[in-house]
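First up is the structure itself, then whatever we jot down about it.
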Amino acid sequence: MQAPIVVATPTLSAIDRVWSSHRVGYAMVVTDSRIIVAYYDANRQLTVASRPRSAPAWVYHKVDSWTGWDSHNYLAMALDAAGQIHVVGNLHGDPLVYYRTTQAGDVRTLARVPVMVDPAAERRMTYPIFLHDADSRLVMKYRDGRSGNGNEIYNVYDPATRTWRHLLSTPLTDGEGRRNAYFVGPRLGPDGWFHLAWVWRESPMAETNHDLSYAKSRDLVHWTRADGTPLTLPIHLSSAEIVDPVPAEGGMINNNTVIGFDPGGRVMITYHKFDKAGNTQIFVARREGDRWRTQQVSDWQGFRWDFRGGGSLDSRLFVEGPVPVGRDRIRVSVIRDGKPIDFLLDAASLKRIEERPANRLADRLRGVIAVPEGMVLNTLEDPSGSGVALAWPSRPPHRDRPDEVITAPTVLRLVEEATPR
């Protein structure tokens with residue numbers, strides 16, 4: 001008889017004491033030989049630490065940037081083809097905050113770089129994201145402007161000359177001074193295309209999100225509709241491909257429109273909106289032939305997340321992109337009021353087969369890591385599947401406003417998942 005699979009408790013080790021009075025996102029890069037993390041220490045100072053994967057000896061470096069109370073000021077980090085570390089963050093409508101090493105992989109050589117490409121376009125930056133294009137070049141995208149009036153800018157890096165340039169000669173989208181687009185992605189699909197989903201937002205007020213939109217590209221330069229029809233840049237609301245014309249105050253919010261794929265590699269999007277009864281429900285959209293098909297996934301009664309106002313919300317819902325399960329099932333994972341849920345869908349009909357409680361890293365660590373009252377356990381998992389993650393308790397976002405209480409620092413831990421045996 002085969003022995004049962006035993007999953008051991010993850011190995012935990014302390015990295016540093018960190019700011020805990022509100023949540024703000026950290027960054028991590030894991031290579032075959034090294035782990036690099038970026039975070040705000042107990043005094044709110046941006047810190048980058050590195051260690052070999054084979055030894056627990058951390059090297060720390062602090063730079064000249066301190067976060068305030070804004071949960072938008074998350075950190076982004078990446079390596080270029082030459083192994084240099086790039087760190088950007090602490091940005092919410094702020095001038096560029098960017099550091100790059102001068103010796104590959106050595107956090108102690110991180111130095112501030114005052115300009116990437118254009119000082120005029122780098123005065124009000126938000127939502128920095130690093131990614132790699134189809135040729136593995138390092139790309140950084142960000143929003144230029146503010147909520148309700150901003151453009152999406154893409155830069156590409158040349159490691160030989162150590163310089164950035166605009167990847168696009170024009171912004172990807174243009175709100176025409178009346179709105180801006182909030183993106184999730186681009187995400188490279190199994191079909192070799194980059195897929196991008198977004199909503200349009202009329203003002204800093206979260207309830208003004210509307211019109212789930214989509215585009216795809218081979219090279220992040222030339223963009224098309226789902227049927228391959230070229231899009232002229234910048235994309236305006238009037239020229240965008242609308243997946244679901246959700247109106248403002250329709251229960252759809254930015255960042256919760258997440259790309260995924262079905263077992264056949266077709267692109268899908270998870271999002272939420274109000275149903276006819278006014279309840280908040282999970283939906284998926286899938287491109288089928290020459291149209292988008294939308295399908296309600298949940299059937300919740302009496303649950304309505306009626307978000308309003310500006311600043312970072314203490315969100316009641318988080319969604320993930322659809323994931324294929326075998327050849328005939330799709331999993332859609334969400335977190336509702338802190339509780340993880342998995343929906344299992346039939347891949348052909350998109351009908352719900354099952355709704356069941358799920359298990360995430362934070363749940364597996366419950367009882368292992370003490371979480372002070374009023375705090376939540378934040379986790380950041382390496383998407384490459386290395387089994388390496390970060391975990392740290394903090395209070396939730398506070399609408400980006402100062403609180404009357406400053407809580408004691410908490411411990412940022414490295415989590416190394418044990419291999420099943």
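For the structure tokens, the naming scheme is as follows: chains receive sequential letters (A, B, ...) according to their order of presentation, residues are indexed from 1 within each chain, and ligands are indexed from 1 in presentation order.
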
Selection: 10 Å around A:Arg352, only C-alpha atoms, excl. self and same-chain fewer than 3 positions, as a list in words: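 Residues meeting the cut-off are Gln295, Gln296, Val297, Ser298, Asp299, Arg329, Ile330, Arg331, Val332, Phe343, Leu344, Leu345, Asp346, Ala347, Ser349 and Glu355 of chain A.
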
The selected residues should be written to file as a short mmCIF file (atom, residue, chain, number, x, y, z; two decimals), in the first residue's frame (atoms: N, CA, C and O atoms).
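Listed below is the output, part_35.cif:
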data_model
loop_
_atom_site.label_atom_id
_atom_site.label_comp_id
_atom_site.auth_asym_id
_atom_site.auth_seq_id
_atom_site.Cartn_x
_atom_site.Cartn_y
_atom_site.Cartn_z
N GLN A 295 -20.53 34.89 -17.93
CA GLN A 295 -21.24 33.87 -17.15
C GLN A 295 -21.14 34.19 -15.67
O GLN A 295 -20.04 34.42 -15.15
N GLN A 296 -22.28 34.23 -14.98
CA GLN A 296 -22.27 34.42 -13.54
C GLN A 296 -21.80 33.14 -12.87
O GLN A 296 -22.27 32.05 -13.19
N VAL A 297 -20.86 33.28 -11.96
CA VAL A 297 -20.24 32.12 -11.30
C VAL A 297 -20.84 31.89 -9.91
O VAL A 297 -21.16 30.77 -9.54
N SER A 298 -20.95 32.94 -9.13
CA SER A 298 -21.47 32.81 -7.76
C SER A 298 -22.98 33.03 -7.75
O SER A 298 -23.57 33.55 -8.71
N ASP A 299 -23.60 32.65 -6.64
CA ASP A 299 -25.03 32.88 -6.45
C ASP A 299 -25.24 33.29 -4.99
O ASP A 299 -25.98 32.65 -4.25
N ARG A 329 -12.18 21.12 -16.73
CA ARG A 329 -12.59 21.92 -15.58
C ARG A 329 -11.79 23.22 -15.53
O ARG A 329 -10.69 23.32 -16.05
N ILE A 330 -12.37 24.22 -14.86
CA ILE A 330 -11.73 25.52 -14.66
C ILE A 330 -11.92 25.91 -13.21
O ILE A 330 -13.03 25.77 -12.66
N ARG A 331 -10.86 26.38 -12.57
CA ARG A 331 -10.95 26.86 -11.19
C ARG A 331 -10.90 28.38 -11.16
O ARG A 331 -10.04 29.00 -11.80
N VAL A 332 -11.82 28.98 -10.43
CA VAL A 332 -11.83 30.42 -10.19
C VAL A 332 -11.73 30.63 -8.69
O VAL A 332 -12.60 30.21 -7.94
N PHE A 343 -14.24 28.19 -6.91
CA PHE A 343 -15.35 27.76 -7.75
C PHE A 343 -14.79 26.82 -8.81
O PHE A 343 -13.80 27.14 -9.47
N LEU A 344 -15.41 25.67 -9.00
CA LEU A 344 -15.03 24.74 -10.05
C LEU A 344 -16.10 24.80 -11.14
O LEU A 344 -17.29 24.60 -10.86
N LEU A 345 -15.66 25.11 -12.37
CA LEU A 345 -16.58 25.29 -13.49
C LEU A 345 -16.39 24.20 -14.53
O LEU A 345 -15.28 23.68 -14.71
N ASP A 346 -17.48 23.86 -15.23
CA ASP A 346 -17.37 23.00 -16.38
C ASP A 346 -16.75 23.81 -17.52
O ASP A 346 -17.23 24.91 -17.85
N ALA A 347 -15.70 23.29 -18.14
CA ALA A 347 -14.96 24.06 -19.14
C ALA A 347 -15.78 24.34 -20.38
O ALA A 347 -15.57 25.36 -21.05
N SER A 349 -19.37 24.55 -20.64
CA SER A 349 -20.56 25.38 -20.42
C SER A 349 -20.30 26.58 -19.51
O SER A 349 -21.11 27.51 -19.47
N GLU A 355 -18.84 25.05 -5.35
CA GLU A 355 -18.26 26.17 -4.61
C GLU A 355 -17.77 25.60 -3.28
O GLU A 355 -18.56 24.99 -2.54
#

Which residues in stretch 24-122 of chain A does DSSP call strand (DSSP E)? List them as a ChimeraX atom specification. /A:27-30,34-40,45-52,59-66,75-79,85-89,92-94,98-100,111-112

A:Glu249 surroundings by only C-alpha atoms, 6 Å radius, close-in-sequence under 2 positions cut, as a tab-separated table (two decimals) with N, CA, C and O atoms, in the first residue's frame:
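Output contents, as saved in result.tsv:
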chain	number	residue	atom	x	y	z
A	207	GLU	N	-16.43	54.12	-7.11
A	207	GLU	CA	-17.70	53.68	-7.69
A	207	GLU	C	-17.85	54.10	-9.16
A	207	GLU	O	-18.79	53.66	-9.84
A	208	THR	N	-16.92	54.92	-9.69
A	208	THR	CA	-17.06	55.38	-11.08
A	208	THR	C	-16.37	54.47	-12.09
A	208	THR	O	-16.25	54.82	-13.27
A	251	GLY	N	-20.85	47.96	-9.47
A	251	GLY	CA	-20.26	46.93	-8.63
A	251	GLY	C	-18.96	46.35	-9.15
A	251	GLY	O	-18.45	45.37	-8.59

Between A:Ser203, A:Thr407, A:Thr161, A:Asn254, which one has atoms that come closest to A:Ser21, using only C-alpha atoms? A:Thr407

Nearby residues (only C-alpha atoms) at most 9 Å from stretch 311-327 of chain A, same-chain spacing under 4 positions excluded, as a PyMOL selection string: chain A and resi 70-72+204-206+255-265+267-272+282+284+305+307+331-338+344+347+396-401
